[in-house]
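Reviewing the structure listed below.
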Amino acid sequence: MIVVFRSRLRPDADLAALEALGARMYELGTQMPGFVDYKEFAADDGETLTLVEFETEAQLLAWRNHPEHLETQARARAEFFSEYAITVCEARRAYHFNQTDGRVETVGRIPSG
């Protein structure tokens with residue numbers, strides 16, 4: 001399961017406080033069962049794109065509903081974000097290219113239906 005989190009900050013957001021909160025959420029999230037990966041990208045227009053991956057939907061829901069994460073979400077809405085959008089995606093298949101091997105491999109496929 002992949003979460004796409006697109007966000008924009010308020011002009012008056014306390015960046016030091018947000019960074020500290022983000023570090024805590026990273027620490028907590030990466031210790032959750034089923035956590036796979038986390039990446040964050042910043043666009044020139046001020047939007048941030050965060051990708052978070054968990055092995056299963058149940059594990060993702062456990063993260064979404066973690067009490068400390070819920071508190072942080074409420075604080076982030078009140079203090080940091082001007083807007084955000086969340087999209088949850090299920091990977092249908094994945095491919096991996098390795099320059100050393102010179103080939104593309106199918107690394108996973110989720111059965112349909």
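Here's how to read the names in the structure tokens: chain A, B, ... by the order shown, residue numbers from 1 in each chain, ligand numbers from 1 in the order shown.
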
query: stretch 63-103 of chain A: which residues are strand (DSSP E or B) by DSSP, as a PyMOL selection string?
result: chain A and resi 81-89+93-98+103

Write out as a short mmCIF file (atom, residue, chain, number, x, y, z; two decimals) with C-alpha atoms, in the first residue's frame the residues lying within 7 Å of A:Ser82, counting only C-alpha atoms and excluding same-chain residues fewer than 6 positions away.
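Done, and the output landed in around-v1.cif:
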```cif
data_model
loop_
_atom_site.label_atom_id
_atom_site.label_comp_id
_atom_site.auth_asym_id
_atom_site.auth_seq_id
_atom_site.Cartn_x
_atom_site.Cartn_y
_atom_site.Cartn_z
CA ARG A 8 1.57 23.01 1.30
CA LEU A 9 2.66 24.91 4.38
CA ARG A 10 1.17 28.05 5.85
#
```

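What separates atom CA of A:Ala94 from atom CA of A:Tyr26 is a distance of 24.5 Å.
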
- request: Find the residue from A:Arg77, A:Glu40, A:Pro33, A:Gly46 that sits nearest to A:Ala58; use only C-alpha atoms when measuring.
  value: A:Pro33

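Shortest separation to A:Thr87 among A:Asn65, A:Thr50, A:Gln73, A:Gln59 occurs at residue A:Thr50, atoms counted being only C-alpha atoms.
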
field: Counting only C-alpha atoms, the option among A:Glu90, A:Glu105, A:Glu79, A:Glu53 closest to A:Ala13
entry: A:Glu79

- request: Any chance you could list, as JSON, numbers by chain, the residues in stretch 4-107 of chain A that come up alpha helix (DSSP H) when DSSP is run on the backbone?
  value: {"A": [15, 16, 17, 18, 19, 20, 21, 22, 23, 24, 25, 26, 27, 28, 29, 30, 57, 58, 59, 60, 61, 62, 63, 64, 67, 68, 69, 70, 71, 72, 73, 74, 75, 76, 77, 78, 79]}

field: Nearest-residue call for A:Asp14, choices A:Asn98, A:Ile86, A:Thr30, A:Ala78, using only C-alpha atoms
entry: A:Ala78

task: Would you mind telling me which residue in A:Met25, A:Val3, A:Leu18, A:Ala43 lies nearest to A:Leu70 when using only C-alpha atoms?
output: A:Met25

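Note that atom CA of A:Asp37 and atom CA of A:Ile2 are 9.2 Å apart.
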
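For the atom pair formed by atom CA of A:Tyr38 and atom CA of A:Phe5, the distance is 11.0 Å, given to one decimal.
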